[in-house]
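Written out below as structure tokens is the structure these notes cover.
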Amino acid sequence: MSVVISSNIAAEVAANNLANSNSMLQESLDKLSSGSKIVNPADDAGGLAVSMKLQATSDRDGALQNNVSDTTSYLQTQDGALQVAGSILDRISQLETLYQDPTKNSSDLANYDDEFSQLQNELTSLSNESFNNVSLFGTSFNVDVTDDLSSASAVTVAAQDLTSSTTGIGTLTASGVTSLSDLSLSDITSAIQNVATMRATNGAEQSRLTFASQLLTTNQTNLNSAISSITDVDVAQETTNLAKWNVLVQAGTAMLTQANQSAQNTLKLITG
């Protein structure tokens, strides 16, 4: 091999190797300090694109869980009103039975009618209850439970018409009903059955939303696991790489120093 002084190929090779090792060392430091193995898009362009889409889907699942939770609270509030309505109807059925007692005089009957009138007012008040300015009764809406917001998978919250005379309690609160004498026991038992049906429907809707929420939680967990496998750095592996590149940087620095001294050794041949 020729001995020259105008070029120092060994130093150039050592410098290139040192630059590469230093770059890889910096990359390991960036990954470990950020906790991500995709610090720059160039690290894994395809993985970055996939992880962004998966992250957006995961975030939508989280938002859907909030919507489901709010709807469940709405239904629980609605059921609370229906439960009170059922208790009121139970009391009205007692009053109607007491009203039929032949030993009661007109004053007694008037007292029963007074209580009945107050209970009518409370039933009317219940039918006007709302949740966050959304009426509890007479309102139907769909709740999305899948991240593609597909209407085919949405949960429908039925419009519970508490004021209806056929499916609600309207027979008892009609303007023409001013006394227990205007009612029959069958009117009251029908209203009780209607409220019981409403509560059953409410419970079924809550049950479906509970399972939909569980599926959303499972899907979000799996999505986050997939995102982690793409973007999260393997600390054990990367610390091994860090040690490797750190040694190579130190070795490269030492070898570059040696290569730069070779020109001086060549000069000794000239100067003797």
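Chain labels A, B, ... are given in the sequence in which chains occur in the structure tokens; within each chain residues are numbered consecutively from 1, and ligands are likewise numbered from 1 in the order shown.
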
Spatial neighbours of Asp61 of chain A, max dist 7 Å, only C-alpha atoms, sep filter under 3 positions, as a ChimeraX atom specification | /A:57-58,64-65,147,216,220

Just write the chosen residues, N, CA and C atoms, as a tab-separated table (two decimals), in the first residue's frame.
```
chain	number	residue	atom	x	y	z
A	57	THR	N	-59.33	6.66	15.69
A	57	THR	CA	-60.42	5.74	15.99
A	57	THR	C	-60.56	5.54	17.49
A	58	SER	N	-59.43	5.40	18.18
A	58	SER	CA	-59.45	5.24	19.64
A	58	SER	C	-60.06	6.46	20.31
A	64	LEU	N	-67.40	8.39	22.15
A	64	LEU	CA	-68.65	7.62	22.13
A	64	LEU	C	-69.01	7.12	23.53
A	65	GLN	N	-68.00	6.72	24.29
A	65	GLN	CA	-68.26	6.27	25.66
A	65	GLN	C	-68.85	7.40	26.50
A	147	ASP	N	-67.54	3.37	16.10
A	147	ASP	CA	-66.67	4.47	15.70
A	147	ASP	C	-66.91	4.95	14.28
A	216	LEU	N	-67.08	-0.84	23.49
A	216	LEU	CA	-66.26	0.33	23.18
A	216	LEU	C	-64.97	0.32	24.00
A	220	GLN	N	-61.30	0.06	22.40
A	220	GLN	CA	-60.32	1.12	22.65
A	220	GLN	C	-59.03	0.54	23.25
```

Fewer than 2 positions away in the same chain doesn't count, so skip those; otherwise give me all residues within 10 Å of Leu123 of chain A, counting only C-alpha atoms, as number ranges by chain.
-> A: 81-82, 84-86, 88-89, 117-121, 125-128, 162-163, 169-170, 172-173

Convert the current residue selection to file output with C-alpha atoms, as a PDB file, in the first residue's frame.
```
ATOM      1  CA  ALA A  81     -89.511   9.963  37.254  1.00  0.00           C
ATOM      2  CA  LEU A  82     -91.351   6.818  36.159  1.00  0.00           C
ATOM      3  CA  VAL A  84     -92.262   8.205  41.276  1.00  0.00           C
ATOM      4  CA  ALA A  85     -95.169   8.098  38.830  1.00  0.00           C
ATOM      5  CA  GLY A  86     -95.709   4.431  39.709  1.00  0.00           C
ATOM      6  CA  ILE A  88     -98.311   8.018  42.800  1.00  0.00           C
ATOM      7  CA  LEU A  89    -100.511   5.671  40.799  1.00  0.00           C
ATOM      8  CA  SER A 117    -106.152  16.544  42.839  1.00  0.00           C
ATOM      9  CA  GLN A 118    -102.681  17.165  44.256  1.00  0.00           C
ATOM     10  CA  LEU A 119    -101.459  13.834  42.910  1.00  0.00           C
ATOM     11  CA  GLN A 120    -102.841  14.733  39.481  1.00  0.00           C
ATOM     12  CA  ASN A 121    -100.807  17.937  39.571  1.00  0.00           C
ATOM     13  CA  SER A 125     -95.374  18.013  36.660  1.00  0.00           C
ATOM     14  CA  LEU A 126     -93.496  14.748  36.140  1.00  0.00           C
ATOM     15  CA  SER A 127     -94.468  14.637  32.483  1.00  0.00           C
ATOM     16  CA  ASN A 128     -92.742  18.021  32.013  1.00  0.00           C
ATOM     17  CA  LEU A 162     -96.336   9.802  29.680  1.00  0.00           C
ATOM     18  CA  THR A 163     -99.300  12.048  28.850  1.00  0.00           C
ATOM     19  CA  ILE A 169    -101.377   8.231  32.317  1.00  0.00           C
ATOM     20  CA  GLY A 170    -103.435  10.702  30.304  1.00  0.00           C
ATOM     21  CA  LEU A 172    -106.031  10.135  34.992  1.00  0.00           C
ATOM     22  CA  THR A 173    -104.842  13.676  34.273  1.00  0.00           C
TER      23      THR A 173
END
```

Would you list, as a VMD selection string, the residues of segment 43-166 of chain A that end up in strand (DSSP E or B) under DSSP run on this structure's backbone?
-> chain A and resid 130 to 131 134 to 135 141 to 143 155 to 157

Within 12 Å of Ser135 of chain A using only C-alpha atoms, minus same-chain residues under 4 positions, as a ChimeraX atom specification | /A:74-75,77-78,81,126-131,139-141,159-162

Residues from last step as file, all heavy atoms, as a CSV table (one decimal), in the first residue's frame:
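The result, stored in out.csv:
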```csv
chain,number,residue,atom,x,y,z
A,74,TYR,N,-79.4,10.0,31.3
A,74,TYR,CA,-80.7,10.5,30.9
A,74,TYR,C,-81.8,9.4,31.2
A,74,TYR,O,-82.8,9.7,31.8
A,74,TYR,CB,-80.7,10.8,29.4
A,74,TYR,CG,-82.0,11.0,28.7
A,74,TYR,CD1,-82.5,12.3,28.6
A,74,TYR,CD2,-82.8,10.0,28.2
A,74,TYR,CE1,-83.7,12.6,28.0
A,74,TYR,CE2,-84.0,10.2,27.7
A,74,TYR,CZ,-84.5,11.5,27.6
A,74,TYR,OH,-85.7,11.8,27.0
A,75,LEU,N,-81.5,8.2,30.9
A,75,LEU,CA,-82.4,7.1,31.1
A,75,LEU,C,-82.6,6.8,32.6
A,75,LEU,O,-83.7,6.5,33.0
A,75,LEU,CB,-81.9,5.8,30.4
A,75,LEU,CG,-82.0,5.8,28.9
A,75,LEU,CD1,-81.3,4.6,28.3
A,75,LEU,CD2,-83.5,5.9,28.4
A,77,THR,N,-82.4,9.1,34.9
A,77,THR,CA,-83.3,10.2,35.4
A,77,THR,C,-84.7,9.9,34.9
A,77,THR,O,-85.7,10.2,35.7
A,77,THR,CB,-82.8,11.5,34.8
A,77,THR,OG1,-81.4,11.7,35.1
A,77,THR,CG2,-83.6,12.7,35.3
A,78,GLN,N,-84.9,9.5,33.7
A,78,GLN,CA,-86.3,9.1,33.2
A,78,GLN,C,-86.9,8.1,34.1
A,78,GLN,O,-88.1,8.1,34.5
A,78,GLN,CB,-86.2,8.7,31.8
A,78,GLN,CG,-87.6,8.4,31.2
A,78,GLN,CD,-87.4,7.8,29.8
A,78,GLN,OE1,-87.1,6.6,29.7
A,78,GLN,NE2,-87.7,8.6,28.7
A,81,ALA,N,-88.2,9.3,37.4
A,81,ALA,CA,-89.5,10.0,37.3
A,81,ALA,C,-90.6,8.9,37.1
A,81,ALA,O,-91.7,9.1,37.7
A,81,ALA,CB,-89.5,10.9,36.1
A,126,LEU,N,-94.5,15.8,36.5
A,126,LEU,CA,-93.5,14.7,36.1
A,126,LEU,C,-93.4,14.6,34.6
A,126,LEU,O,-92.3,14.5,34.1
A,126,LEU,CB,-93.9,13.4,36.7
A,126,LEU,CG,-93.6,13.1,38.2
A,126,LEU,CD1,-94.2,11.8,38.6
A,126,LEU,CD2,-92.1,13.2,38.5
A,127,SER,N,-94.5,14.8,33.9
A,127,SER,CA,-94.5,14.6,32.5
A,127,SER,C,-93.7,15.8,31.8
A,127,SER,O,-93.4,15.7,30.6
A,127,SER,CB,-95.9,14.6,31.9
A,127,SER,OG,-96.6,15.8,32.2
A,128,ASN,N,-93.5,16.9,32.6
A,128,ASN,CA,-92.7,18.0,32.0
A,128,ASN,C,-91.3,18.0,32.4
A,128,ASN,O,-90.6,19.0,32.1
A,128,ASN,CB,-93.4,19.3,32.5
A,128,ASN,CG,-94.8,19.5,31.9
A,128,ASN,OD1,-95.1,19.1,30.7
A,128,ASN,ND2,-95.7,20.0,32.7
A,129,GLU,N,-90.8,17.0,33.1
A,129,GLU,CA,-89.4,16.9,33.5
A,129,GLU,C,-88.5,16.8,32.4
A,129,GLU,O,-88.8,16.3,31.3
A,129,GLU,CB,-89.2,15.8,34.5
A,129,GLU,CG,-89.8,15.9,35.9
A,129,GLU,CD,-89.1,17.0,36.7
A,129,GLU,OE1,-87.9,17.0,36.7
A,129,GLU,OE2,-89.8,17.8,37.2
A,130,SER,N,-87.2,17.4,32.5
A,130,SER,CA,-86.2,17.3,31.5
A,130,SER,C,-84.9,17.0,32.0
A,130,SER,O,-84.6,17.1,33.3
A,130,SER,CB,-86.2,18.7,30.7
A,130,SER,OG,-85.8,19.7,31.6
A,131,PHE,N,-83.9,16.6,31.1
A,131,PHE,CA,-82.6,16.3,31.5
A,131,PHE,C,-81.7,17.2,30.6
A,131,PHE,O,-81.7,17.0,29.4
A,131,PHE,CB,-82.2,14.9,31.3
A,131,PHE,CG,-80.8,14.5,31.6
A,131,PHE,CD1,-80.4,14.2,32.8
A,131,PHE,CD2,-79.9,14.4,30.5
A,131,PHE,CE1,-79.0,13.8,33.1
A,131,PHE,CE2,-78.6,14.1,30.7
A,131,PHE,CZ,-78.2,13.7,32.0
A,139,THR,N,-89.7,12.4,23.7
A,139,THR,CA,-88.5,12.6,22.9
A,139,THR,C,-87.8,11.3,22.5
A,139,THR,O,-87.5,10.5,23.3
A,139,THR,CB,-87.5,13.5,23.6
A,139,THR,OG1,-88.1,14.8,24.0
A,139,THR,CG2,-86.3,13.8,22.7
A,140,SER,N,-87.6,11.1,21.2
A,140,SER,CA,-86.9,9.9,20.7
A,140,SER,C,-85.6,10.4,20.0
A,140,SER,O,-85.6,11.4,19.3
A,140,SER,CB,-87.8,9.2,19.7
A,140,SER,OG,-87.1,8.1,19.2
A,141,PHE,N,-84.5,9.6,20.2
A,141,PHE,CA,-83.3,9.9,19.5
A,141,PHE,C,-82.4,8.7,19.4
A,141,PHE,O,-82.7,7.7,20.1
A,141,PHE,CB,-82.5,11.0,20.3
A,141,PHE,CG,-82.3,10.8,21.7
A,141,PHE,CD1,-81.2,10.0,22.2
A,141,PHE,CD2,-83.2,11.3,22.7
A,141,PHE,CE1,-81.0,9.8,23.5
A,141,PHE,CE2,-83.0,11.1,24.0
A,141,PHE,CZ,-81.9,10.3,24.5
A,159,ALA,N,-89.4,7.2,22.5
A,159,ALA,CA,-90.2,8.4,23.0
A,159,ALA,C,-91.2,7.9,24.0
A,159,ALA,O,-92.2,7.3,23.6
A,159,ALA,CB,-90.8,9.2,21.9
A,160,GLN,N,-91.0,8.1,25.3
A,160,GLN,CA,-92.0,7.6,26.3
A,160,GLN,C,-93.0,8.7,26.5
A,160,GLN,O,-92.7,9.8,27.1
A,160,GLN,CB,-91.3,7.3,27.6
A,160,GLN,CG,-90.2,6.3,27.5
A,160,GLN,CD,-90.6,4.9,27.5
A,160,GLN,OE1,-91.7,4.6,27.0
A,160,GLN,NE2,-89.9,4.0,28.0
A,161,ASP,N,-94.3,8.5,26.0
A,161,ASP,CA,-95.3,9.6,26.0
A,161,ASP,C,-96.1,9.3,27.3
A,161,ASP,O,-97.1,8.6,27.3
A,161,ASP,CB,-96.2,9.5,24.8
A,161,ASP,CG,-97.1,10.7,24.7
A,161,ASP,OD1,-97.1,11.5,25.7
A,161,ASP,OD2,-97.9,10.8,23.8
A,162,LEU,N,-95.7,10.0,28.4
A,162,LEU,CA,-96.3,9.8,29.7
A,162,LEU,C,-97.7,10.4,29.7
A,162,LEU,O,-98.6,9.9,30.5
A,162,LEU,CB,-95.5,10.4,30.8
A,162,LEU,CG,-95.9,10.1,32.2
A,162,LEU,CD1,-95.7,8.6,32.5
A,162,LEU,CD2,-95.0,10.9,33.2
```

Best match for closeness to Asn224 of chain A among A:Gly252, A:Gly168, A:Gly138, A:Gly62, counting only C-alpha atoms =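 Nearest candidate to Asn224 of chain A out of A:Gly252, A:Gly168, A:Gly138, A:Gly62: A:Gly62.
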
In Å to one decimal, how far is atom CA of Ser181 of chain A from atom CA of Ser164 of chain A?
-> 20.9 Å

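Of the residues under consideration (A:Asn40, A:Thr156, A:Asn111, A:Thr124), A:Thr156 shows the shortest atom-to-atom contact distance to Thr201 of chain A when counting only C-alpha atoms.
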
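Atom CA of Thr240 of chain A lies 27.3 Å from atom CA of Gln258 of chain A.
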
Record the distance separating atom CA of Asn142 of chain A and atom CA of Gln214 of chain A, expressed in Å with one decimal.
->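 Interatomic distance here is 18.3 Å.
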
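Comparing A:Asn20, A:Thr103, A:Thr218, A:Ser51 by their smallest distance to Thr253 of chain A, the closest is A:Asn20 (using only C-alpha atoms).
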
Name all residues at most 12 Å from Gly47 of chain A (count only C-alpha atoms; drop same-chain ones fewer than 3 positions away) and give them as a PyMOL selection string.
-> chain A and resi 36-44+50-55+226-232

Nearest to Met198 of chain A by atom-to-atom distance, counting only C-alpha atoms, from A:Leu136, A:Val249, A:Ala243, A:Ala212 | A:Leu136

In terms of only C-alpha atoms, the residue from A:Ser179, A:Thr239, A:Val247, A:Ser153 at minimal distance from Leu209 of chain A is A:Ser153
